[in-house]
Structure formats: structure tokens, C-alpha cells
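Shown below: entry.cif, with mmCIF, C-alpha atoms.
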```cif
data_final
loop_
_atom_site.group_PDB
_atom_site.id
_atom_site.type_symbol
_atom_site.label_atom_id
_atom_site.label_comp_id
_atom_site.auth_asym_id
_atom_site.auth_seq_id
_atom_site.Cartn_x
_atom_site.Cartn_y
_atom_site.Cartn_z
ATOM 1 C CA MET A 1 -8.693 8.457 68.532
ATOM 2 C CA ARG A 2 -5.533 6.416 68.364
ATOM 3 C CA ALA A 3 -7.180 3.518 70.160
ATOM 4 C CA ILE A 4 -9.956 3.329 67.587
ATOM 5 C CA ARG A 5 -7.796 2.902 64.536
ATOM 6 C CA PRO A 6 -6.592 -0.661 65.139
ATOM 7 C CA HIS A 7 -10.171 -1.690 65.823
ATOM 8 C CA LEU A 8 -11.303 -0.194 62.560
ATOM 9 C CA ALA A 9 -8.536 -2.069 60.784
ATOM 10 C CA VAL A 10 -9.719 -5.301 62.383
ATOM 11 C CA VAL A 11 -13.325 -4.635 61.383
ATOM 12 C CA ILE A 12 -12.298 -3.887 57.809
ATOM 13 C CA ALA A 13 -10.116 -6.999 57.691
ATOM 14 C CA VAL A 14 -12.959 -9.161 58.990
ATOM 15 C CA LEU A 15 -15.405 -7.663 56.504
ATOM 16 C CA ALA A 16 -12.945 -8.124 53.671
ATOM 17 C CA SER A 17 -12.251 -11.742 54.565
ATOM 18 C CA ALA A 18 -15.981 -12.432 54.941
ATOM 19 C CA ARG A 19 -16.492 -11.061 51.465
ATOM 20 C CA ILE A 20 -13.777 -13.271 50.014
ATOM 21 C CA ALA A 21 -15.038 -16.317 51.893
ATOM 22 C CA LEU A 22 -18.302 -16.126 49.972
ATOM 23 C CA GLY A 23 -16.597 -18.110 47.267
ATOM 24 C CA ALA A 24 -14.697 -17.727 44.072
ATOM 25 C CA PRO A 25 -16.250 -16.017 41.056
ATOM 26 C CA GLY A 26 -18.183 -18.590 39.064
ATOM 27 C CA ASP A 27 -18.781 -21.030 41.925
ATOM 28 C CA ILE A 28 -21.933 -23.004 41.219
ATOM 29 C CA THR A 29 -24.069 -24.062 44.163
ATOM 30 C CA PHE A 30 -26.218 -26.974 43.103
ATOM 31 C CA GLU A 31 -29.917 -27.245 43.826
ATOM 32 C CA ARG A 32 -31.147 -30.303 45.642
ATOM 33 C CA ALA A 33 -34.150 -32.366 44.684
ATOM 34 C CA GLU A 34 -34.835 -32.919 48.403
ATOM 35 C CA PRO A 35 -33.909 -29.722 50.260
ATOM 36 C CA GLU A 36 -34.402 -31.390 53.642
ATOM 37 C CA ALA A 37 -31.378 -33.596 52.899
ATOM 38 C CA SER A 38 -29.225 -30.453 53.117
ATOM 39 C CA GLU A 39 -29.622 -30.550 56.883
ATOM 40 C CA VAL A 40 -27.596 -33.763 56.907
ATOM 41 C CA ILE A 41 -25.188 -33.242 54.011
ATOM 42 C CA PRO A 42 -24.626 -29.666 52.817
ATOM 43 C CA VAL A 43 -25.494 -29.001 49.207
ATOM 44 C CA SER A 44 -22.578 -29.373 46.791
ATOM 45 C CA VAL A 45 -20.618 -26.503 45.277
ATOM 46 C CA PHE A 46 -18.617 -26.751 42.073
ATOM 47 C CA SER A 47 -15.547 -24.530 41.884
ATOM 48 C CA PRO A 48 -14.702 -23.855 38.241
ATOM 49 C CA TRP A 49 -11.480 -22.020 39.106
ATOM 50 C CA LYS A 50 -9.905 -25.163 40.512
ATOM 51 C CA HIS A 51 -10.771 -27.017 37.361
ATOM 52 C CA ARG A 52 -9.970 -24.324 34.821
ATOM 53 C CA MET A 53 -6.351 -24.074 35.881
ATOM 54 C CA ARG A 54 -5.962 -27.773 35.089
ATOM 55 C CA PHE A 55 -8.240 -28.142 32.061
ATOM 56 C CA THR A 56 -9.716 -25.891 29.436
ATOM 57 C CA CYS A 57 -13.506 -25.557 29.333
ATOM 58 C CA ASN A 58 -13.917 -27.821 26.303
ATOM 59 C CA VAL A 59 -12.585 -30.837 28.219
ATOM 60 C CA CYS A 60 -15.866 -31.154 30.129
ATOM 61 C CA HIS A 61 -18.237 -28.925 28.146
ATOM 62 C CA PRO A 62 -20.473 -29.589 26.348
ATOM 63 C CA ALA A 63 -19.962 -33.374 25.946
ATOM 64 C CA LEU A 64 -19.957 -34.216 29.649
ATOM 65 C CA PHE A 65 -21.874 -31.264 31.086
ATOM 66 C CA PRO A 66 -24.044 -28.797 29.149
ATOM 67 C CA MET A 67 -22.762 -25.231 28.971
ATOM 68 C CA LYS A 68 -25.668 -23.870 31.022
ATOM 69 C CA SER A 69 -25.701 -25.043 34.636
ATOM 70 C CA LYS A 70 -29.516 -25.088 34.625
ATOM 71 C CA GLU A 71 -29.423 -27.740 31.910
ATOM 72 C CA VAL A 72 -27.155 -30.134 33.762
ATOM 73 C CA PRO A 73 -29.113 -33.341 34.481
ATOM 74 C CA PRO A 74 -29.436 -34.365 38.105
ATOM 75 C CA ILE A 75 -26.187 -35.800 39.428
ATOM 76 C CA THR A 76 -26.320 -38.516 42.066
ATOM 77 C CA MET A 77 -23.542 -40.070 44.110
ATOM 78 C CA ASP A 78 -24.432 -43.422 42.531
ATOM 79 C CA GLU A 79 -23.690 -42.002 39.086
ATOM 80 C CA ILE A 80 -20.416 -40.516 40.265
ATOM 81 C CA LYS A 81 -19.415 -43.872 41.732
ATOM 82 C CA ALA A 82 -20.409 -45.533 38.449
ATOM 83 C CA GLY A 83 -17.901 -43.307 36.637
ATOM 84 C CA LYS A 84 -20.377 -40.845 35.194
ATOM 85 C CA ALA A 85 -20.531 -37.050 35.537
ATOM 86 C CA CYS A 86 -17.822 -35.977 38.058
ATOM 87 C CA GLY A 87 -16.867 -39.649 38.369
ATOM 88 C CA VAL A 88 -15.309 -39.599 34.903
ATOM 89 C CA CYS A 89 -12.237 -38.108 36.577
ATOM 90 C CA HIS A 90 -13.008 -38.375 40.291
ATOM 91 C CA ASN A 91 -12.522 -42.123 40.413
ATOM 92 C CA GLY A 92 -9.352 -42.435 42.464
ATOM 93 C CA LYS A 93 -7.262 -42.810 39.308
ATOM 94 C CA GLY A 94 -7.543 -39.499 37.482
ATOM 95 C CA ALA A 95 -8.493 -37.422 40.496
ATOM 96 C CA TRP A 96 -9.414 -38.171 44.101
ATOM 97 C CA THR A 97 -12.486 -40.260 44.632
ATOM 98 C CA SER A 98 -15.507 -39.674 46.829
ATOM 99 C CA SER A 99 -15.031 -41.090 50.292
ATOM 100 C CA ILE A 100 -15.851 -40.284 53.877
ATOM 101 C CA ASN A 101 -12.679 -38.161 53.965
ATOM 102 C CA THR A 102 -13.498 -36.134 50.884
ATOM 103 C CA CYS A 103 -17.204 -35.256 51.388
ATOM 104 C CA VAL A 104 -16.409 -31.688 52.399
ATOM 105 C CA ARG A 105 -14.500 -30.995 49.205
ATOM 106 C CA CYS A 106 -17.783 -30.846 47.301
ATOM 107 C CA HIS A 107 -20.212 -30.478 50.196
ATOM 108 C CA PRO A 108 -18.657 -27.625 52.166
ATOM 109 C CA ARG A 109 -20.300 -26.473 55.355
ATOM 110 C CA PRO A 110 -22.380 -23.426 54.457
ATOM 111 C CA LEU A 111 -20.721 -20.187 55.531
ATOM 112 C CA LYS A 112 -23.944 -18.471 56.567
ATOM 113 C CA LYS A 113 -25.085 -19.442 60.042
ATOM 114 C CA MET B 1 -36.534 -82.813 41.630
ATOM 115 C CA ALA B 2 -35.464 -80.301 44.238
ATOM 116 C CA VAL B 3 -34.032 -78.070 41.493
ATOM 117 C CA ALA B 4 -37.270 -78.253 39.465
ATOM 118 C CA GLY B 5 -39.238 -77.425 42.595
ATOM 119 C CA ALA B 6 -37.064 -74.458 43.343
ATOM 120 C CA ALA B 7 -37.403 -73.283 39.729
ATOM 121 C CA ALA B 8 -41.200 -73.610 39.880
ATOM 122 C CA LEU B 9 -41.263 -71.690 43.171
ATOM 123 C CA PHE B 10 -39.022 -69.017 41.645
ATOM 124 C CA VAL B 11 -41.320 -68.563 38.621
ATOM 125 C CA ALA B 12 -44.369 -68.400 40.873
ATOM 126 C CA CYS B 13 -42.833 -65.620 42.994
ATOM 127 C CA ALA B 14 -43.958 -62.007 42.686
ATOM 128 C CA PRO B 15 -41.580 -60.045 40.398
ATOM 129 C CA GLN B 16 -40.261 -58.026 43.362
ATOM 130 C CA THR B 17 -39.248 -61.225 45.147
ATOM 131 C CA ARG B 18 -37.715 -62.654 41.998
ATOM 132 C CA HIS B 19 -35.681 -59.499 41.521
ATOM 133 C CA ARG B 20 -34.558 -59.603 45.147
ATOM 134 C CA LEU B 21 -33.531 -63.249 44.804
ATOM 135 C CA LEU B 22 -31.648 -62.543 41.587
ATOM 136 C CA SER B 23 -29.874 -59.561 43.149
ATOM 137 C CA THR B 24 -28.913 -61.688 46.149
ATOM 138 C CA PHE B 25 -27.307 -64.451 44.140
ATOM 139 C CA LEU B 26 -26.039 -62.617 41.061
ATOM 140 C CA ASP B 27 -23.997 -59.491 40.470
ATOM 141 C CA GLY B 28 -24.924 -56.795 38.001
ATOM 142 C CA VAL B 29 -28.704 -57.133 38.189
ATOM 143 C CA PRO B 30 -30.142 -53.753 37.160
ATOM 144 C CA PRO B 31 -32.426 -51.807 39.536
ATOM 145 C CA TYR B 32 -35.944 -53.218 39.807
ATOM 146 C CA GLU B 33 -37.766 -50.805 37.462
ATOM 147 C CA GLN B 34 -35.116 -51.169 34.801
ATOM 148 C CA TRP B 35 -34.954 -54.927 35.254
ATOM 149 C CA LEU B 36 -38.748 -55.161 34.873
ATOM 150 C CA HIS B 37 -38.931 -52.942 31.753
ATOM 151 C CA PRO B 38 -35.425 -52.777 30.352
ATOM 152 C CA GLU B 39 -36.490 -50.905 27.208
ATOM 153 C CA THR B 40 -38.882 -48.286 28.492
ATOM 154 C CA VAL B 41 -37.945 -47.318 32.029
ATOM 155 C CA LYS B 42 -34.846 -45.326 32.788
ATOM 156 C CA ALA B 43 -33.605 -44.178 36.145
ATOM 157 C CA PRO B 44 -35.736 -41.233 37.289
ATOM 158 C CA GLY B 45 -34.364 -37.846 36.361
ATOM 159 C CA THR B 46 -31.264 -39.288 34.796
ATOM 160 C CA ALA B 47 -32.627 -40.401 31.446
ATOM 161 C CA GLU B 48 -29.909 -38.716 29.432
ATOM 162 C CA MET B 49 -27.033 -39.968 31.515
ATOM 163 C CA VAL B 50 -28.300 -43.535 31.543
ATOM 164 C CA ALA B 51 -29.329 -43.595 27.906
ATOM 165 C CA LYS B 52 -25.962 -42.790 26.377
ATOM 166 C CA PRO B 53 -22.498 -42.336 27.737
ATOM 167 C CA LYS B 54 -21.936 -38.593 27.771
ATOM 168 C CA PHE B 55 -18.210 -38.951 27.630
ATOM 169 C CA THR B 56 -16.873 -40.304 24.369
ATOM 170 C CA GLY B 57 -13.120 -39.739 24.495
ATOM 171 C CA PRO B 58 -10.708 -42.150 26.108
ATOM 172 C CA MET B 59 -10.000 -41.415 29.728
ATOM 173 C CA LEU B 60 -6.733 -40.126 30.961
ATOM 174 C CA ARG B 61 -6.179 -42.633 33.727
ATOM 175 C CA GLU B 62 -3.485 -40.743 35.531
ATOM 176 C CA PHE B 63 -3.199 -37.006 35.355
ATOM 177 C CA PRO B 64 0.394 -35.911 35.151
ATOM 178 C CA ARG B 65 1.657 -34.964 38.611
ATOM 179 C CA GLU B 66 5.205 -34.064 37.671
ATOM 180 C CA GLY B 67 6.020 -30.699 36.231
ATOM 181 C CA ARG B 68 2.606 -29.203 36.897
ATOM 182 C CA PRO B 69 2.372 -25.511 37.796
ATOM 183 C CA ALA B 70 2.678 -24.647 41.488
ATOM 184 C CA ILE B 71 -0.736 -22.964 41.497
ATOM 185 C CA GLU B 72 -2.370 -26.400 41.354
ATOM 186 C CA GLN B 73 -1.307 -26.952 44.972
ATOM 187 C CA LEU B 74 -3.806 -24.325 46.098
ATOM 188 C CA SER B 75 -7.030 -25.595 47.558
ATOM 189 C CA THR B 76 -9.001 -22.507 48.584
ATOM 190 C CA TRP B 77 -9.847 -19.294 46.774
ATOM 191 C CA GLU B 78 -8.492 -17.287 49.710
ATOM 192 C CA GLU B 79 -5.119 -18.957 49.229
ATOM 193 C CA ALA B 80 -5.343 -18.305 45.521
ATOM 194 C CA LEU B 81 -6.119 -14.605 45.965
ATOM 195 C CA ALA B 82 -3.135 -14.279 48.258
ATOM 196 C CA ALA B 83 -0.874 -16.188 45.884
ATOM 197 C CA LEU B 84 -1.959 -14.678 42.565
ATOM 198 C CA PRO B 85 0.047 -11.424 42.866
ATOM 199 C CA ARG B 86 3.145 -13.443 43.762
ATOM 200 C CA LEU B 87 2.502 -15.628 40.733
ATOM 201 C CA LYS B 88 2.139 -12.504 38.566
ATOM 202 C CA VAL B 89 -1.502 -13.103 37.758
ATOM 203 C CA PRO B 90 -3.190 -9.696 37.500
ATOM 204 C CA LYS B 91 -6.570 -9.302 39.112
ATOM 205 C CA ALA B 92 -9.527 -8.811 36.861
ATOM 206 C CA PRO B 93 -12.394 -6.562 38.002
ATOM 207 C CA LYS B 94 -15.080 -7.950 40.319
ATOM 208 C CA ASN B 95 -12.715 -9.994 42.452
ATOM 209 C CA ALA B 96 -11.779 -12.269 39.559
ATOM 210 C CA ALA B 97 -8.373 -13.311 38.312
ATOM 211 C CA ASP B 98 -7.116 -12.491 34.826
ATOM 212 C CA TRP B 99 -6.854 -16.061 33.583
ATOM 213 C CA ILE B 100 -5.754 -15.008 30.117
ATOM 214 C CA ALA B 101 -2.724 -13.360 31.709
ATOM 215 C CA ALA B 102 -2.209 -16.493 33.806
ATOM 216 C CA LEU B 103 -2.183 -18.499 30.599
ATOM 217 C CA ASP B 104 0.257 -16.067 28.966
ATOM 218 C CA ASN B 105 2.564 -16.172 31.991
ATOM 219 C CA LYS B 106 2.350 -19.986 32.105
ATOM 220 C CA VAL B 107 1.100 -19.781 35.691
ATOM 221 C CA ILE B 108 -1.534 -22.262 34.598
ATOM 222 C CA ALA B 109 -1.151 -24.949 31.961
ATOM 223 C CA PRO B 110 -4.636 -26.370 31.447
ATOM 224 C CA LEU B 111 -4.816 -29.632 29.525
ATOM 225 C CA ARG B 112 -6.901 -29.444 26.364
ATOM 226 C CA SER B 113 -8.240 -32.984 26.563
ATOM 227 C CA LEU B 114 -8.483 -35.894 28.965
ATOM 228 C CA ASP B 115 -6.738 -37.899 26.287
ATOM 229 C CA LYS B 116 -3.095 -36.899 26.397
ATOM 230 C CA ASP B 117 -2.528 -37.990 22.795
ATOM 231 C CA ALA B 118 -5.468 -36.052 21.352
ATOM 232 C CA PRO B 119 -4.614 -33.158 19.031
ATOM 233 C CA PRO B 120 -5.695 -29.729 20.283
ATOM 234 C CA PRO B 121 -9.244 -28.825 19.288
ATOM 235 C CA GLU B 122 -9.836 -27.096 15.993
ATOM 236 C CA SER B 123 -9.537 -23.336 16.251
ATOM 237 C CA ARG B 124 -9.769 -20.232 14.153
ATOM 238 C CA ASP B 125 -8.611 -16.681 14.662
ATOM 239 C CA THR B 126 -11.205 -14.684 12.772
ATOM 240 C CA GLU B 127 -12.610 -11.547 14.322
ATOM 241 C CA VAL B 128 -16.357 -11.088 14.188
ATOM 242 C CA PRO B 129 -17.815 -7.583 14.297
ATOM 243 C CA ILE B 130 -20.938 -7.682 16.439
ATOM 244 C CA LYS B 131 -24.051 -6.508 14.676
ATOM 245 C CA GLY B 132 -25.593 -3.264 15.816
ATOM 246 C CA ASP B 133 -22.696 -1.964 17.863
ATOM 247 C CA GLU B 134 -19.735 -0.314 16.217
ATOM 248 C CA GLY B 135 -16.465 -1.197 17.825
ATOM 249 C CA VAL B 136 -17.509 -4.462 19.464
ATOM 250 C CA THR B 137 -15.540 -7.343 18.044
ATOM 251 C CA PHE B 138 -15.655 -10.973 19.031
ATOM 252 C CA ARG B 139 -12.220 -12.548 18.891
ATOM 253 C CA HIS B 140 -12.122 -16.230 18.099
ATOM 254 C CA ALA B 141 -8.428 -16.379 18.994
ATOM 255 C CA THR B 142 -8.966 -15.424 22.653
ATOM 256 C CA HIS B 143 -11.948 -17.676 23.179
ATOM 257 C CA GLY B 144 -10.354 -20.582 21.345
ATOM 258 C CA ARG B 145 -7.696 -20.820 24.030
ATOM 259 C CA TRP B 146 -10.353 -22.201 26.364
ATOM 260 C CA LEU B 147 -13.083 -23.464 24.122
ATOM 261 C CA ALA B 148 -13.748 -25.652 21.114
ATOM 262 C CA CYS B 149 -16.247 -24.935 18.326
ATOM 263 C CA GLU B 150 -18.953 -27.117 19.848
ATOM 264 C CA ASN B 151 -18.987 -25.154 23.096
ATOM 265 C CA CYS B 152 -20.819 -22.287 21.386
ATOM 266 C CA HIS B 153 -21.912 -23.553 17.970
ATOM 267 C CA ASP B 154 -24.693 -23.943 17.258
ATOM 268 C CA ALA B 155 -26.419 -24.129 20.628
ATOM 269 C CA ILE B 156 -25.480 -20.585 21.695
ATOM 270 C CA PHE B 157 -24.489 -18.874 18.435
ATOM 271 C CA PRO B 158 -25.207 -19.885 14.844
ATOM 272 C CA LYS B 159 -22.026 -20.528 12.874
ATOM 273 C CA LYS B 160 -22.662 -17.766 10.354
ATOM 274 C CA ALA B 161 -20.441 -14.926 11.504
ATOM 275 C CA GLY B 162 -22.049 -11.733 12.707
ATOM 276 C CA GLU B 163 -25.629 -12.923 12.179
ATOM 277 C CA THR B 164 -26.615 -12.812 15.835
ATOM 278 C CA GLU B 165 -28.320 -9.671 17.090
ATOM 279 C CA MET B 166 -28.202 -9.268 20.817
ATOM 280 C CA THR B 167 -28.830 -6.712 23.505
ATOM 281 C CA MET B 168 -27.151 -6.216 26.846
ATOM 282 C CA ASP B 169 -30.454 -7.110 28.509
ATOM 283 C CA GLU B 170 -30.408 -10.510 26.800
ATOM 284 C CA LEU B 171 -26.806 -11.011 27.864
ATOM 285 C CA GLY B 172 -27.823 -10.159 31.421
ATOM 286 C CA ASP B 173 -30.514 -12.842 31.184
ATOM 287 C CA GLY B 174 -27.826 -15.418 30.474
ATOM 288 C CA LYS B 175 -28.185 -15.598 26.711
ATOM 289 C CA TYR B 176 -25.432 -15.456 24.075
ATOM 290 C CA CYS B 177 -22.228 -14.131 25.698
ATOM 291 C CA GLY B 178 -24.161 -14.140 28.993
ATOM 292 C CA VAL B 179 -23.940 -17.928 29.212
ATOM 293 C CA CYS B 180 -20.382 -17.506 30.473
ATOM 294 C CA HIS B 181 -20.027 -13.749 31.072
ATOM 295 C CA GLY B 182 -21.891 -12.102 33.912
ATOM 296 C CA LYS B 183 -22.261 -11.687 37.623
ATOM 297 C CA GLY B 184 -21.055 -14.782 39.439
ATOM 298 C CA LYS B 185 -20.076 -16.513 36.200
ATOM 299 C CA ILE B 186 -16.831 -18.131 35.208
ATOM 300 C CA ALA B 187 -15.802 -15.440 32.709
ATOM 301 C CA LEU B 188 -15.499 -11.668 32.943
ATOM 302 C CA ASP B 189 -18.404 -9.685 34.412
ATOM 303 C CA LEU B 190 -20.636 -7.854 31.924
ATOM 304 C CA LYS B 191 -20.104 -4.630 33.844
ATOM 305 C CA VAL B 192 -16.514 -4.493 32.656
ATOM 306 C CA CYS B 193 -17.740 -2.484 29.661
ATOM 307 C CA ALA B 194 -14.344 -1.656 28.224
ATOM 308 C CA ALA B 195 -13.488 -5.310 27.690
ATOM 309 C CA CYS B 196 -15.775 -5.338 24.628
ATOM 310 C CA HIS B 197 -16.867 -1.745 24.066
ATOM 311 C CA ALA B 198 -13.444 -0.345 23.390
ATOM 312 C CA LYS B 199 -13.104 1.487 20.140
ATOM 313 C CA GLU B 200 -10.179 -0.017 18.314
ATOM 314 C CA LYS B 201 -8.779 3.388 17.386
ATOM 315 C CA GLU B 202 -8.592 4.374 21.036
ATOM 316 C CA GLU B 203 -6.732 1.187 21.788
ATOM 317 C CA GLY B 204 -4.102 2.230 19.283
#
```
Translate this file's structure into C-alpha cells.
Amino acid sequence: MRAIRPHLAVVIAVLASARIALGAPGDITFERAEPEASEVIPVSVFSPWKHRMRFTCNVCHPALFPMKSKEVPPITMDEIKAGKACGVCHNGKGAWTSSINTCVRCHPRPLKK
Amino acid sequence: MAVAGAAALFVACAPQTRHRLLSTFLDGVPPYEQWLHPETVKAPGTAEMVAKPKFTGPMLREFPREGRPAIEQLSTWEEALAALPRLKVPKAPKNAADWIAALDNKVIAPLRSLDKDAPPPESRDTEVPIKGDEGVTFRHATHGRWLACENCHDAIFPKKAGETEMTMDELGDGKYCGVCHGKGKIALDLKVCAACHAKEKEEG
């Protein structure tokens, strides 16, 4: 019996961490116009918690992004680079800019295999 | 003569070729469709964003780096969950953090505008009894710490206080309070009944 207990603890720890790794409450996984592109670049995820500790909701909503995620117009990397949508802040001046080193910050590798 | 010839050739070209030539030699030539019909054609699927700048306020060029709360160093939610108890941020039900407490404890100090000189958004502290359910009160004061009037009015709620009738089913479908509150949403889960359905007398 004694030998089993540590194993159980490990299993519980793994399950618990897997549960947490699913993402923070409120994370928004975007839908892609071309799903096949997700095989090359994973679909982007927006993490509100990272943003809400720096800004209140009204900073971005509703002027920049509508309140309902389903109503957000399509966002392209070209728009971001042109200083629209996320690019209003993520331009290398306000916040970090999109580059080959920062892809994974918005396009994380999916956790499900 | 050579210039006139080149000009004549240029005019005679198909529009695609002309656009390609222009783009080669000049900067800032709009995409082909837009260049061809500047008034009528907008970039596909992005009509709104192209038509008018969505962001009207002046941009904060540099976010302040000095004197910001330590929590902003965190990059993953796992780190945050581990750090929140240390930072005295209580957990909210459903694996969420109690961000109101975080605000009270000054663990977070969210900016209220991208423009550092802008006054804080207009707010009010009236309490709105919700129609059809005794004991449910909407508090402007709590919500106004995160939001401005235009976040909810009038797209989600009409401005006239207490006029909106709603059911929990509608909230679950993402209407009214359910725009922000619900499973997997930014604000408290709807299953935390006592957050709204607490009789004031019982609260003391």
C-alpha cells in the first residue's frame, strides 16, 4: 500500500497540472478563415488576464474591439503590422512587436496532441 | 520622345501591369482592388477596420516600465496561479482569480486609458435592482472600476435603469450579463450564484 501512495500523488499532480495548462479563464481561441493554415502556424489565443492586469477593459473595448468576441472583425498580420487591432499597442513602442521571436506568444503550440 | 513613348506604353498596359509597375517604382500604392476602385472596394473581410480608424485616442507611445506591480512580470497562467496566494490575491471559484481583491490590494494597477493624460472615464455608483428577482442588485460602482459607460450602454443594456428583463437562460446564451460572465469568460462564472443572488439582509 505504501508504494502506491506516491504514485497516486504523481498522477493527481499530473492531472491537476494538465487541467491548469488548458489555459486561463477567459482565454479566447480565435477561429481561422483557412483552418488548413493551422497546420503551419497554430491558431492564435488571446489571454485577457495578461491584459487586464495592465489595463481596464474600457481601454480596448468597445472602441478597438467589440465587446463580443464573435463580433470582432477578422484580424490579419498585415493589419497588426499597419498599427491596427493588436498593433495599436504591439508595435515595438508600446508593447513588443510581432517578429519571428514572438510568434509563439500569440500562436502557442496546441496542448492537445 | 523616349519619355512620351514610355508614357504611351504605360497607358496601353493592362491595369494589372500598370499597378505592378506603379508598385515597383513608387511607395504607398494601395492593393490592386483598392487602387482600381478606391471608393467602392475595401479589403475583404476587413471593411470596418479599413473604413475608419477604430482607435480614436492618442497612443501611449511608451508604457511606463518603472514602478509597475510585480505581477506584470508573470508570463504564464501557471506562474500566476502559483504567485497569486503569495501576492494576496484570493482565488475566485472556477479556477479564476479575484481581480477585484487584486485591485483593492494594489496587486494590479491597470491603466484606465492609453493616453496617460486622459481623465478617468465617467462613472456612477448607483445600484440597480434587477427586474423580476428580489435581492439581485447591479452595482455600477464595482463594474465602473473596469468599464466605461459605452462598454454596456446601449449595445448590451439600455440606459434606463432596471428596464431590462432577463433570464438565466439568456445569460447562459451570452446575452446581457452573459457577455462577460459565464463559463470560460473573463468575469465571474454564472454558477457562482451567491455573487448576485445574495439577499442583502443575509449579508448584514
Selection: 7 Å around stretch 106-108 of chain B, all atoms listed in the file, excl. self and same-chain fewer than 4 positions, as a short mmCIF file (atom, residue, chain, number, x, y, z; two decimals) with C-alpha atoms, in the frame of the given file:
```cif
data_model
loop_
_atom_site.label_atom_id
_atom_site.label_comp_id
_atom_site.auth_asym_id
_atom_site.auth_seq_id
_atom_site.Cartn_x
_atom_site.Cartn_y
_atom_site.Cartn_z
CA MET A 53 -6.35 -24.07 35.88
CA PRO B 69 2.37 -25.51 37.80
CA ILE B 71 -0.74 -22.96 41.50
CA LEU B 87 2.50 -15.63 40.73
CA ALA B 102 -2.21 -16.49 33.81
#
```
Which residues, written as number ranges by chain, have at least one atom at most 9 Å from A:Lys81, with only C-alpha atoms counted and residues fewer than 5 positions away on the same chain left out? A: 76, 86-87, 90-91, 97-98
Atom CA of B:Ile186 to atom CA of A:Pro48: how many Å, to one decimal?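 Computing the Euclidean distance for atom CA of B:Ile186 and atom CA of A:Pro48 yields 6.8 Å.
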Selection result for the PyMOL selection byres ((chain A) within 6 of (chain B)) on this file, as a PyMOL selection string: chain A and resi 24-26+53-59+62-64+93-94
Write out the residues from the selection above, keeping C-alpha atoms, as a PDB file, keeping the file's coordinate frame.
```pdb
ATOM      1  CA  ALA A  24     -14.697 -17.727  44.072  1.00  0.00           C
ATOM      2  CA  PRO A  25     -16.250 -16.017  41.056  1.00  0.00           C
ATOM      3  CA  GLY A  26     -18.183 -18.590  39.064  1.00  0.00           C
ATOM      4  CA  MET A  53      -6.351 -24.074  35.881  1.00  0.00           C
ATOM      5  CA  ARG A  54      -5.962 -27.773  35.089  1.00  0.00           C
ATOM      6  CA  PHE A  55      -8.240 -28.142  32.061  1.00  0.00           C
ATOM      7  CA  THR A  56      -9.716 -25.891  29.436  1.00  0.00           C
ATOM      8  CA  CYS A  57     -13.506 -25.557  29.333  1.00  0.00           C
ATOM      9  CA  ASN A  58     -13.917 -27.821  26.303  1.00  0.00           C
ATOM     10  CA  VAL A  59     -12.585 -30.837  28.219  1.00  0.00           C
ATOM     11  CA  PRO A  62     -20.473 -29.589  26.348  1.00  0.00           C
ATOM     12  CA  ALA A  63     -19.962 -33.374  25.946  1.00  0.00           C
ATOM     13  CA  LEU A  64     -19.957 -34.216  29.649  1.00  0.00           C
ATOM     14  CA  LYS A  93      -7.262 -42.810  39.308  1.00  0.00           C
ATOM     15  CA  GLY A  94      -7.543 -39.499  37.482  1.00  0.00           C
TER      16      GLY A  94
END
```
Distance in Å - atom CA of B:Gly162 versus atom CA of B:Arg139: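 Rounded to one decimal, the two atoms are 11.6 Å apart.
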Measure the distance from atom CA of B:Asp125 to atom CA of B:His143 in Å and round it to one decimal. 9.2 Å
Here's the selection I'm unsure about, the PyMOL selection byres ((chain A and resi 33-46) around 12); applied to the file above, which residues does it give, as a PyMOL selection string? (chain A and resi 22-32+47-52+69+73-77+86+100+103-112) or (chain B and resi 44-45+185-186)
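For the choices B:Ala82, B:Ile130, B:Ala141, B:Val192, the atom-to-atom distance to B:Thr167 is smallest for B:Ile130 when using only C-alpha atoms.
Each of B:Glu122, B:Thr17, B:Thr142, B:Ala70 was compared to B:Asp104 using all atoms listed in the file, and B:Thr142 turns out to be the nearest.
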Suppose a student applies the PyMOL selection byres ((chain B and resi 193) around 12) to this structure; what residues should they get, written as a PDB file with C-alpha atoms, in the frame of the given file?
```
ATOM      1  CA  PRO B  93     -12.394  -6.562  38.002  1.00  0.00           C
ATOM      2  CA  GLY B 135     -16.465  -1.197  17.825  1.00  0.00           C
ATOM      3  CA  VAL B 136     -17.509  -4.462  19.464  1.00  0.00           C
ATOM      4  CA  MET B 168     -27.151  -6.216  26.846  1.00  0.00           C
ATOM      5  CA  HIS B 181     -20.027 -13.749  31.072  1.00  0.00           C
ATOM      6  CA  GLY B 182     -21.891 -12.102  33.912  1.00  0.00           C
ATOM      7  CA  LEU B 188     -15.499 -11.668  32.943  1.00  0.00           C
ATOM      8  CA  ASP B 189     -18.404  -9.685  34.412  1.00  0.00           C
ATOM      9  CA  LEU B 190     -20.636  -7.854  31.924  1.00  0.00           C
ATOM     10  CA  LYS B 191     -20.104  -4.630  33.844  1.00  0.00           C
ATOM     11  CA  VAL B 192     -16.514  -4.493  32.656  1.00  0.00           C
ATOM     12  CA  ALA B 194     -14.344  -1.656  28.224  1.00  0.00           C
ATOM     13  CA  ALA B 195     -13.488  -5.310  27.690  1.00  0.00           C
ATOM     14  CA  CYS B 196     -15.775  -5.338  24.628  1.00  0.00           C
ATOM     15  CA  HIS B 197     -16.867  -1.745  24.066  1.00  0.00           C
ATOM     16  CA  ALA B 198     -13.444  -0.345  23.390  1.00  0.00           C
ATOM     17  CA  LYS B 199     -13.104   1.487  20.140  1.00  0.00           C
TER      18      LYS B 199
END
```
